[in-house]
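Here the structure comes first, spelled out in structure tokens, and everything after it is commentary.
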2 protein chains.
Amino acid sequence: MKKIINEPAAFVDEFVEGILLAHPDLLKTPADDRRVLVRADAPVAGKVGIVTGGGSGHLPLFKGYVGRGLCDGVAIGNVFSSPSSAQVLEATKAVSGGAGVLYLYGNYGGDVFNFDLATDMAELEGIPTLTAIGRDDVASQPKERSADRRGVAGILFAFKGAGAAAERGDTLEQVAAVAEDIIDNTATMGIGISPTILPTTGKPSFELGDGEMEVGIGIHGEPGFHRGELESADRIAERLTERLVADLGIGSGDRVAVLVNGMGATPLEELYLLFRRVHQLLSEQGITISKNYIGEYATSLEMAGASISLLALNDERLALLNAPAESPFFKEA
Amino acid sequence: MKKIINEPAAFVDEFVEGILLAHPDLLKTPADDRRVLVRADAPVAGKVGIVTGGGSGHLPLFKGYVGRGLCDGVAIGNVFSSPSSAQVLEATKAVSGGAGVLYLYGNYGGDVFNFDLATDMAELEGIPTLTAIGRDDVASQPKERSADRRGVAGILFAFKGAGAAAERGDTLEQVAAVAEDIIDNTATMGIGISPTILPTTGKPSFELGDGEMEVGIGIHGEPGFHRGELESADRIAERLTERLVADLGIGSGDRVAVLVNGMGATPLEELYLLFRRVHQLLSEQGITISKNYIGEYATSLEMAGASISLLALNDERLALLNAPAESPFFKEA
């Protein structure tokens with residue numbers, strides 16, 4: 001175990017403190033225990049608030065997407081663990097500007113449980129909420145069971161789109177519909193080539209042979225559907241792209257946004273190798289890339305690996321992606 | 001060796017192709033072999049051009065700092081190898097807007113050799129050049145031999161400042177003076193905890209024991225001045241900050257910009273742990289952090305480790321950092 005940390009049990013509290021010290025102009029916390037971050041100007045009167053949350057260890061997910069034109073607040077769990085319903089409620093109250101609050105997070109049991117509890121608690125406080133759940137990991141369930149899929153890096157698109165909709169003054173129902181529409185049109189698949197090491201245990205999250213890769217891996221190291229010899233960047237891009245295009249049912253004449261996401265230890269150079277091949281493949285099929293994101297957007301501490309996400313675009317979705325946004329970790333001018 | 005690559009020999013050409021495919025609005029290449037990138041609107045008439053360059057494997061360094069308010073062009077070497085003088089000349093010609101060209105790069109033998117050759121070649125083409133060389137790694141040489149220090153992550157500050165000076169219309173001499181002034185006031189030190197693996201050889205760049213760290217490591221894995229047991233994030237931040245503050249001779253009442261840079265595999269969470277302690281230490285000494293950068297700014301492929309850079313600020317330097325800039329990898333609004 002080699003990590004640049006202090007007491008493992010203090011890991012989350014300390015790095016959140018670091019985030020607050022670094023970005024006091026953009027973020028603040030309403031919570032004594034710093035397990036809630038909200039944008040510095042929250043609540044924004046008359047605007048729908050968006051609260052996300054989930055386990056730590058995925059920076060810039062989730063904390064990184066709190067800001068103007070994005071989410072308004074985040075409830076922060078321990079590494080790979082859900083935040084509590086009390087933390088979600090605290091975030092909800094801190095961002096409620098009178099137009100209701102959307103819960104937007106990834107599909108994991110603990111998160112669903114705690115956000116659902118918070119929904120009831122918020123109702124008692126007179127804050128109406130709606131929920132949209134990211135479920136973009138095509139490797140985790142087949143298309144016909146897509147409601148049960150895990151949520152992974154593609155939730156970026158939903159944050160961006162729903163955040164832009166809320167910022168322009170959409171109602172709670174409208175913001176939720178935007179989020180659902182984007183989630184319905186997003187597909188992600190990833191590969192892992194080396195595990196994450198959990199700060200508290202010092203143990204790898206999974207084992208993988210020296211020359212192996214895991215195709216369809218989740219962002220906590222959940223198993224995929226194929227383990228085999230590590231292939232070339234081109235072949236990996238082909239595997240993933242083929243599956244995503246089929247899942248979305250897109251083809252010639254369609255437009256997409258592409259996210260090539262590094263899971264932590266994979267060099268940016270390698271992500272550009274993947275993007276190069278994705279670009280070639282989509283071009284060959286007559287699919288246009290109208291927007292791209294290449295870098296670390298949803299990590300798993302120091303896991304080596306990458307995922308590719310596609311969002312099928314129409315004019316509305318593209319306009320939402322292009323709307324201005326600003327957090328310490330994400331800027332769209 | 002676990003890498004998401006194709007033919008190792010094609011690594012650089014392919015990821016540069018990926019960069020060009022991803023960012024055609026911001027970057028273009030004048031070179032058949034894609035070993036030169038320049039900003040899409042180069043040359044900018046009447047503006048001093050800035051050319052950087054160096055070995056590959058450090059993204060976002062160097063290619064990432066080509067854009068408005070930053071460098072105008074970059075000459076791209078193989079992994080950890082200097083670009084050729086012909087490539088530097090090609091970049092020079094492509095960015096020359098009639099006001100001369102500044103060469104701004106890190107202090108490595110091969111780079112100095114090739115940029116110096118290019119200086120003579122540019123002169124024959126009627127393009128005046130000046131040179132400023134990043135040499136911020138305090139671990140590589142003592143203060144009295146600071147001219148011989150290696151250039152590492154702190155060159156970010158010089159790119160930003162010189163780029164802003166060029167953008168506002170400074171002359172070549174003035175832009176060079178800005179770069180020198182920033183370089184003179186920048187100090188960096190890093191630690192490494194796991195090596196880089198070179199794509200062409202598949203071999204680690206250095207060996208380090210299981211629980212060890214190397215203090216003062218260079219961005220190619222050059223040895224530092226202390227190898228010992230891996231310490232806590234707080235202790236590491238203390239070691240580095242103490243040395244940097246002493247080197248710059250700053251104290252109570254002074255202002256700095258801080259860069260906490262990840263070398264590749266180190267999670268962003270860990271960088272925020274380091275920043276937290278740096279912030280505490282500087283606050284205790286009455287030193288104000290007026291600007292911070294936390295993330296991967298100069299990497300060494302998948303090396304795990306981090307560096308801390310300080311730039312002693314005055315009003316002029318801070319204004320230059322805050323001036324607008326945009327590249328695919330860096331935005332200042």
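The chains in the structure tokens are called A, B, ... from first to last as shown; in each chain the residues are counted from 1, and the ligands are counted from 1 in the order shown.
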
Counting only C-alpha atoms, which residues of chain B sit at most 6 Å from some atom of chain A, and what is each one's closest atom pair with its distance in Å to one decimal, listed by chain and rising residue number, as a tab-separated table?
```
residue	atom	partner	partner_atom	distance
B:Ile4	CA	A:Ala233	CA	4.9
B:Ile5	CA	A:Ala233	CA	4.6
B:Asn6	CA	A:Ser232	CA	4.9
B:Phe15	CA	A:Leu273	CA	4.8
B:Gly18	CA	A:Arg276	CA	4.3
B:Ser232	CA	A:Asn6	CA	4.9
B:Ala233	CA	A:Ile5	CA	4.6
B:Ala265	CA	A:Ala265	CA	3.8
B:Pro267	CA	A:Leu301	CA	5.2
B:Glu269	CA	A:Phe15	CA	5.7
B:Glu270	CA	A:Ile4	CA	5.8
B:Tyr272	CA	A:Gly18	CA	4.9
B:Leu273	CA	A:Phe15	CA	4.8
B:Phe275	CA	A:Gly18	CA	6.0
B:Arg276	CA	A:Gly18	CA	4.3
B:Leu301	CA	A:Pro267	CA	5.2
B:Glu302	CA	A:Pro267	CA	5.7
```

task: Using DSSP on the backbone coordinates, identify the residues of segment 64-128 of chain B assigned to helix (DSSP H, G or I); present them as a PyMOL selection string.
output: chain B and resi 64-65+85-95+109-124

task: Please identify all polymer residues within 8 Å of segment 103-115 of chain B, counting only C-alpha atoms, omitting same-chain residues fewer than 3 positions from it, and present them as JSON, numbers by chain.
output: {"B": [50, 51, 52, 53, 54, 81, 82, 83, 84, 85, 88, 118, 119, 129, 130, 131, 132, 133, 134, 135, 148, 149, 150, 151, 152, 155, 159, 179]}

Export of the given selection (N, CA and C atoms) as an mmCIF file, in the first residue's frame:
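out.cif, freshly written:
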```cif
data_model
loop_
_atom_site.group_PDB
_atom_site.id
_atom_site.type_symbol
_atom_site.label_atom_id
_atom_site.label_comp_id
_atom_site.auth_asym_id
_atom_site.auth_seq_id
_atom_site.Cartn_x
_atom_site.Cartn_y
_atom_site.Cartn_z
ATOM 1 N N ILE B 50 5.434 32.532 -28.665
ATOM 2 C CA ILE B 50 6.154 31.758 -27.641
ATOM 3 C C ILE B 50 6.159 30.305 -28.077
ATOM 4 N N VAL B 51 7.359 29.731 -28.154
ATOM 5 C CA VAL B 51 7.492 28.323 -28.516
ATOM 6 C C VAL B 51 8.065 27.557 -27.332
ATOM 7 N N THR B 52 7.396 26.473 -26.973
ATOM 8 C CA THR B 52 7.944 25.579 -25.972
ATOM 9 C C THR B 52 8.208 24.223 -26.621
ATOM 10 N N GLY B 53 8.635 23.282 -25.830
ATOM 11 C CA GLY B 53 8.890 21.960 -26.380
ATOM 12 C C GLY B 53 9.619 21.103 -25.379
ATOM 13 N N GLY B 54 9.655 19.825 -25.697
ATOM 14 C CA GLY B 54 10.332 18.889 -24.812
ATOM 15 C C GLY B 54 9.872 17.483 -25.119
ATOM 16 N N SER B 81 12.324 12.608 -24.554
ATOM 17 C CA SER B 81 13.426 12.964 -25.453
ATOM 18 C C SER B 81 13.158 14.314 -26.092
ATOM 19 N N SER B 82 14.213 15.046 -26.321
ATOM 20 C CA SER B 82 14.086 16.369 -26.908
ATOM 21 C C SER B 82 13.523 16.312 -28.328
ATOM 22 N N PRO B 83 12.771 17.333 -28.725
ATOM 23 C CA PRO B 83 12.450 17.483 -30.147
ATOM 24 C C PRO B 83 13.715 17.897 -30.899
ATOM 25 N N SER B 84 13.686 17.793 -32.215
ATOM 26 C CA SER B 84 14.849 18.197 -33.005
ATOM 27 C C SER B 84 14.835 19.700 -33.230
ATOM 28 N N SER B 85 15.981 20.223 -33.619
ATOM 29 C CA SER B 85 16.071 21.660 -33.917
ATOM 30 C C SER B 85 15.192 21.992 -35.122
ATOM 31 N N VAL B 88 11.766 22.519 -33.833
ATOM 32 C CA VAL B 88 11.664 23.812 -33.143
ATOM 33 C C VAL B 88 11.571 24.944 -34.175
ATOM 34 N N ALA B 118 18.221 25.925 -33.040
ATOM 35 C CA ALA B 118 17.085 26.556 -33.729
ATOM 36 C C ALA B 118 17.190 28.073 -33.708
ATOM 37 N N THR B 119 17.777 28.600 -32.643
ATOM 38 C CA THR B 119 17.997 30.053 -32.554
ATOM 39 C C THR B 119 18.796 30.556 -33.751
ATOM 40 N N THR B 129 14.944 35.715 -31.872
ATOM 41 C CA THR B 129 14.456 34.923 -30.735
ATOM 42 C C THR B 129 15.195 35.312 -29.465
ATOM 43 N N LEU B 130 14.535 35.105 -28.358
ATOM 44 C CA LEU B 130 15.174 35.141 -27.047
ATOM 45 C C LEU B 130 14.796 33.852 -26.330
ATOM 46 N N THR B 131 15.537 33.531 -25.289
ATOM 47 C CA THR B 131 15.321 32.259 -24.598
ATOM 48 C C THR B 131 15.178 32.475 -23.097
ATOM 49 N N ALA B 132 14.197 31.783 -22.516
ATOM 50 C CA ALA B 132 14.085 31.732 -21.046
ATOM 51 C C ALA B 132 13.904 30.262 -20.678
ATOM 52 N N ILE B 133 14.648 29.814 -19.691
ATOM 53 C CA ILE B 133 14.693 28.383 -19.381
ATOM 54 C C ILE B 133 14.193 28.121 -17.965
ATOM 55 N N GLY B 134 13.169 27.267 -17.874
ATOM 56 C CA GLY B 134 12.621 26.895 -16.573
ATOM 57 C C GLY B 134 13.630 26.087 -15.775
ATOM 58 N N ARG B 135 13.829 26.466 -14.519
ATOM 59 C CA ARG B 135 14.820 25.793 -13.660
ATOM 60 C C ARG B 135 14.363 25.952 -12.221
ATOM 61 N N ASP B 148 21.591 25.934 -12.834
ATOM 62 C CA ASP B 148 21.750 24.557 -13.326
ATOM 63 C C ASP B 148 20.602 23.642 -12.935
ATOM 64 N N ARG B 149 19.620 24.192 -12.244
ATOM 65 C CA ARG B 149 18.512 23.342 -11.811
ATOM 66 C C ARG B 149 17.695 22.823 -12.996
ATOM 67 N N ARG B 150 17.081 21.663 -12.785
ATOM 68 C CA ARG B 150 16.148 21.121 -13.776
ATOM 69 C C ARG B 150 14.866 21.943 -13.783
ATOM 70 N N GLY B 151 14.195 21.923 -14.914
ATOM 71 C CA GLY B 151 12.879 22.558 -15.000
ATOM 72 C C GLY B 151 11.799 21.520 -14.801
ATOM 73 N N VAL B 152 10.862 21.802 -13.906
ATOM 74 C CA VAL B 152 9.766 20.864 -13.670
ATOM 75 C C VAL B 152 8.423 21.612 -13.718
ATOM 76 N N ILE B 155 7.099 25.507 -14.391
ATOM 77 C CA ILE B 155 7.130 26.256 -15.653
ATOM 78 C C ILE B 155 5.721 26.697 -16.049
ATOM 79 N N PHE B 159 4.712 29.957 -18.325
ATOM 80 C CA PHE B 159 3.848 29.908 -19.519
ATOM 81 C C PHE B 159 2.705 30.908 -19.375
ATOM 82 N N ALA B 179 9.105 36.343 -18.284
ATOM 83 C CA ALA B 179 9.385 34.915 -18.071
ATOM 84 C C ALA B 179 10.528 34.742 -17.072
#
```

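Taking atom CA of Leu248 of chain A and atom CA of Ala312 of chain A as the two end points, the separation is 7.2 Å.
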
Would you pick out the contacts of Gly49 of chain A at 8 Å or less, using only C-alpha atoms, so that residues sharing its chain but fewer than 6 positions from it are not included, and give the list as a compact mmCIF listing (two decimals) with N, CA, C and O atoms, in the first residue's frame?
```txt
# COMPACT_ATOMS: atom_id res chain seq x y z
N PRO A 43 -28.67 29.12 -1.19
CA PRO A 43 -29.59 28.70 -2.25
C PRO A 43 -29.83 29.84 -3.24
O PRO A 43 -29.80 31.01 -2.86
N CYS A 71 -24.59 20.90 -10.52
CA CYS A 71 -25.35 20.61 -9.31
C CYS A 71 -25.17 21.75 -8.30
O CYS A 71 -24.20 22.50 -8.35
N ASP A 72 -26.13 21.84 -7.37
CA ASP A 72 -26.04 22.87 -6.33
C ASP A 72 -25.40 22.35 -5.06
O ASP A 72 -24.87 23.14 -4.25
N GLY A 73 -25.49 21.05 -4.83
CA GLY A 73 -24.95 20.50 -3.59
C GLY A 73 -24.62 19.03 -3.73
O GLY A 73 -25.10 18.35 -4.64
N THR A 92 -30.09 19.20 0.82
CA THR A 92 -31.37 19.61 0.23
C THR A 92 -31.82 20.95 0.79
O THR A 92 -32.20 21.87 0.05
N VAL A 95 -29.74 23.97 -0.43
CA VAL A 95 -29.82 24.43 -1.82
C VAL A 95 -31.25 24.77 -2.24
O VAL A 95 -31.48 25.19 -3.38
N SER A 96 -32.19 24.56 -1.34
CA SER A 96 -33.59 24.79 -1.71
C SER A 96 -33.87 26.28 -1.88
O SER A 96 -33.81 27.05 -0.92
N GLY A 97 -34.20 26.66 -3.10
CA GLY A 97 -34.49 28.07 -3.39
C GLY A 97 -35.97 28.31 -3.61
O GLY A 97 -36.37 29.34 -4.13
N ALA A 99 -38.05 26.28 -5.46
CA ALA A 99 -38.60 25.69 -6.69
C ALA A 99 -38.45 24.17 -6.70
O ALA A 99 -38.64 23.52 -7.73
N GLY A 100 -38.13 23.60 -5.55
CA GLY A 100 -37.96 22.14 -5.48
C GLY A 100 -36.53 21.72 -5.74
O GLY A 100 -35.68 22.54 -6.13
N VAL A 101 -36.27 20.45 -5.48
CA VAL A 101 -34.91 19.93 -5.57
C VAL A 101 -34.91 18.60 -6.33
O VAL A 101 -35.73 17.71 -6.06
N LEU A 102 -34.01 18.48 -7.28
CA LEU A 102 -33.83 17.22 -8.00
C LEU A 102 -32.68 16.43 -7.38
O LEU A 102 -31.60 16.98 -7.15
N ALA A 166 -31.83 23.87 -15.11
CA ALA A 166 -32.18 24.57 -13.86
C ALA A 166 -31.74 26.02 -13.92
O ALA A 166 -32.47 26.93 -13.51
```
